[in-house]
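Heads up, the thing below is written out as structure tokens.
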Amino acid sequence: MAVYDLEEQEKLDDLKAWWDTYGRYVSAGLVAVALIMVGIQGWRWYNQKLAGEASVLYLAGSQGVRNSDPAKVKDAALELESKYARTGYAPRAALLYAKSAFDAGDKATAKAQLTWVIDSNADEELKTIARFRLAEALLDEKQFDEALKMLDAKHADSFDGIYLDLKGDILAAAGKAPEARTAYQAALAKLDAKSPYRNLVQVKLDSLGGAQ
């Protein structure tokens, strides 16, 4: 029993000596870990709070679209861009605002909103949609070269069909029928064979004298 007590005492003494040497580092490490965990939880809470507030604004903008209330769409989009630009709701609201402005004849605002989406931290799909719509706006203003440059940007394969179709529209409007015909043919090759959209592209191609 005495031997056991002696061994236990030696272990306790070793542990005490180790703690005297390294204890402050262990304590500091535990405090640091605790602070990191608190920081992570706080950041998550903050982001969730932002997302919740942004979603309410985006819903208001969507309702503005449905109720034909452009002022409501504008207010929601601008507040999202100024206060919640890092959320996914801001670029989506900007797309809504761009369409609302374009339909109202305010092409400058529409282009500015689409450019904002392209320059923002939005995901690539939203940027691809914004580039497509901006190319449409540039086509409407007969800025053919700028519109074509917009369509040259890298995009997902799933957008190839509509991008090529719009490229055909731009080239046709610019009086470049052979190039437009090639673009429409390429669009047909990319579009789903069962897509009703193909019929519209085929009509455009046929109007240029393109073979089926």
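Simple scheme: letters A, B, ... for chains in structure tokens order, numbers from 1 for residues in each chain, numbers from 1 for ligands in the order shown.
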* **Exercise: Ala77 in chain A partners within 9 Å, only C-alpha atoms, chain neighbours under 5 positions left out, as a list in words** =>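 Returned residues: Leu57, Tyr58, Gly61, Lys72, Ser82, Tyr89, Ala90, Pro91, Arg92, Ala93, Ala94, Leu95, Leu96 and Tyr97 of chain A.
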Please produce an output containing N, CA and C atoms for each residue in the selection, written as a PDB file, in the first residue's frame.
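The new file out39.pdb reads:
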ATOM      1  N   LEU A  57     -37.042  41.637 -47.661  1.00  0.00           N
ATOM      2  CA  LEU A  57     -36.968  42.677 -48.686  1.00  0.00           C
ATOM      3  C   LEU A  57     -37.180  42.106 -50.081  1.00  0.00           C
ATOM      4  N   TYR A  58     -36.575  40.939 -50.333  1.00  0.00           N
ATOM      5  CA  TYR A  58     -36.737  40.328 -51.654  1.00  0.00           C
ATOM      6  C   TYR A  58     -38.201  39.950 -51.898  1.00  0.00           C
ATOM      7  N   GLY A  61     -39.985  42.983 -52.940  1.00  0.00           N
ATOM      8  CA  GLY A  61     -39.728  43.299 -54.336  1.00  0.00           C
ATOM      9  C   GLY A  61     -40.491  42.400 -55.280  1.00  0.00           C
ATOM     10  N   LYS A  72     -41.983  49.900 -55.467  1.00  0.00           N
ATOM     11  CA  LYS A  72     -41.704  48.903 -54.437  1.00  0.00           C
ATOM     12  C   LYS A  72     -40.540  48.008 -54.868  1.00  0.00           C
ATOM     13  N   SER A  82     -27.502  48.061 -51.038  1.00  0.00           N
ATOM     14  CA  SER A  82     -26.723  48.921 -50.139  1.00  0.00           C
ATOM     15  C   SER A  82     -26.420  48.251 -48.798  1.00  0.00           C
ATOM     16  N   TYR A  89     -29.814  37.375 -52.199  1.00  0.00           N
ATOM     17  CA  TYR A  89     -31.065  38.051 -52.554  1.00  0.00           C
ATOM     18  C   TYR A  89     -30.811  39.343 -53.335  1.00  0.00           C
ATOM     19  N   ALA A  90     -29.690  40.006 -53.073  1.00  0.00           N
ATOM     20  CA  ALA A  90     -29.416  41.296 -53.710  1.00  0.00           C
ATOM     21  C   ALA A  90     -29.335  41.194 -55.234  1.00  0.00           C
ATOM     22  N   PRO A  91     -28.532  40.280 -55.804  1.00  0.00           N
ATOM     23  CA  PRO A  91     -28.496  40.199 -57.267  1.00  0.00           C
ATOM     24  C   PRO A  91     -29.813  39.750 -57.876  1.00  0.00           C
ATOM     25  N   ARG A  92     -30.551  38.913 -57.168  1.00  0.00           N
ATOM     26  CA  ARG A  92     -31.860  38.486 -57.684  1.00  0.00           C
ATOM     27  C   ARG A  92     -32.832  39.663 -57.727  1.00  0.00           C
ATOM     28  N   ALA A  93     -32.784  40.493 -56.694  1.00  0.00           N
ATOM     29  CA  ALA A  93     -33.640  41.683 -56.678  1.00  0.00           C
ATOM     30  C   ALA A  93     -33.208  42.663 -57.767  1.00  0.00           C
ATOM     31  N   ALA A  94     -31.903  42.742 -58.013  1.00  0.00           N
ATOM     32  CA  ALA A  94     -31.407  43.628 -59.073  1.00  0.00           C
ATOM     33  C   ALA A  94     -31.922  43.188 -60.441  1.00  0.00           C
ATOM     34  N   LEU A  95     -32.006  41.889 -60.656  1.00  0.00           N
ATOM     35  CA  LEU A  95     -32.562  41.383 -61.916  1.00  0.00           C
ATOM     36  C   LEU A  95     -34.033  41.764 -62.056  1.00  0.00           C
ATOM     37  N   LEU A  96     -34.766  41.679 -60.957  1.00  0.00           N
ATOM     38  CA  LEU A  96     -36.177  42.081 -60.989  1.00  0.00           C
ATOM     39  C   LEU A  96     -36.306  43.574 -61.301  1.00  0.00           C
ATOM     40  N   TYR A  97     -35.463  44.357 -60.636  1.00  0.00           N
ATOM     41  CA  TYR A  97     -35.506  45.807 -60.841  1.00  0.00           C
ATOM     42  C   TYR A  97     -35.122  46.165 -62.270  1.00  0.00           C
TER      43      TYR A  97
END
* Asked: Of the residues A:Glu81, A:Asp69, A:Asp20, A:Asp169, which is the one nearest to Ala122 in chain A, using only C-alpha atoms?
  ->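 Selected residue with least distance to Ala122 in chain A: A:Glu81.
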* Atomic distance CA of Ala104 in chain A - CA of Ala137 in chain A, expressed in Å with one decimal -> 13.0 Å
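Take CA of Gln185 in chain A and CA of Lys99 in chain A: the distance between them is 28.6 Å.
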* In Å, rounded to a single decimal, give me how far CA of Met150 in chain A is from CA of Tyr84 in chain A. =>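 A separation of 26.6 Å between them.
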* Excluding Lys204 in chain A and residues on its chain fewer than 6 positions from it, collect all residues at most 9 Å away from it, counting only C-alpha atoms, and give them as a PyMOL selection string. => chain A and resi 168-169+181+184+210
Just write the chosen residues, N, CA and C atoms, as an mmCIF file, in the first residue's frame.
data_model
loop_
_atom_site.group_PDB
_atom_site.id
_atom_site.type_symbol
_atom_site.label_atom_id
_atom_site.label_comp_id
_atom_site.auth_asym_id
_atom_site.auth_seq_id
_atom_site.Cartn_x
_atom_site.Cartn_y
_atom_site.Cartn_z
ATOM 1 N N GLY A 168 -27.596 35.282 -83.046
ATOM 2 C CA GLY A 168 -28.204 35.333 -84.371
ATOM 3 C C GLY A 168 -29.053 36.569 -84.552
ATOM 4 N N ASP A 169 -29.815 36.926 -83.524
ATOM 5 C CA ASP A 169 -30.656 38.132 -83.589
ATOM 6 C C ASP A 169 -29.799 39.380 -83.799
ATOM 7 N N ARG A 181 -27.233 33.273 -89.819
ATOM 8 C CA ARG A 181 -27.687 31.934 -90.186
ATOM 9 C C ARG A 181 -26.854 30.865 -89.471
ATOM 10 N N TYR A 184 -27.887 30.755 -85.769
ATOM 11 C CA TYR A 184 -29.174 30.076 -85.567
ATOM 12 C C TYR A 184 -29.029 28.563 -85.726
ATOM 13 N N GLY A 210 -32.231 29.943 -94.561
ATOM 14 C CA GLY A 210 -31.414 28.817 -94.097
ATOM 15 C C GLY A 210 -32.103 27.498 -94.304
#
* Asked: For Ala98 in chain A, which residue among A:Arg198, A:Lys142, A:Arg133, A:Lys190 is the nearest when counting only C-alpha atoms?
  ->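 For Ala98 in chain A, the nearest of the given residues is A:Arg133.
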* Non-local contacts of Leu191 in chain A (12 Å; only C-alpha atoms; under 4 positions in same chain excluded) as a VMD selection string -> chain A and resid 157 to 165 184 to 187 195 to 202
* Contact residues around Ile118 in chain A with only C-alpha atoms at 10 Å, ignoring same-chain residues under 3 positions, as a list in words ->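 In the requested format, the answer is Pro91, Ala112, Gln113, Leu114, Thr115, Asn121, Ala122, Asp123, Glu124, Leu126, Lys127, Thr128, Ile129, Ala130, Arg131 and Leu134 of chain A.
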Can I get the selection written as a compact mmCIF listing (two decimals), in the first residue's frame, with C-alpha atoms?
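Output saved as out39.txt:
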# COMPACT_ATOMS: atom_id res chain seq x y z
CA PRO A 91 -28.50 40.20 -57.27
CA ALA A 112 -26.93 49.75 -64.56
CA GLN A 113 -28.68 47.06 -62.53
CA LEU A 114 -27.56 44.29 -64.87
CA THR A 115 -24.01 45.59 -64.74
CA ASN A 121 -20.38 38.44 -55.92
CA ALA A 122 -23.44 36.72 -57.42
CA ASP A 123 -23.14 33.12 -58.53
CA GLU A 124 -22.20 32.47 -62.15
CA LEU A 126 -27.11 34.86 -62.16
CA LYS A 127 -24.23 36.64 -63.89
CA THR A 128 -24.92 34.63 -67.05
CA ILE A 129 -28.56 35.69 -66.97
CA ALA A 130 -27.54 39.31 -66.40
CA ARG A 131 -25.14 39.24 -69.37
CA LEU A 134 -27.74 43.20 -70.96
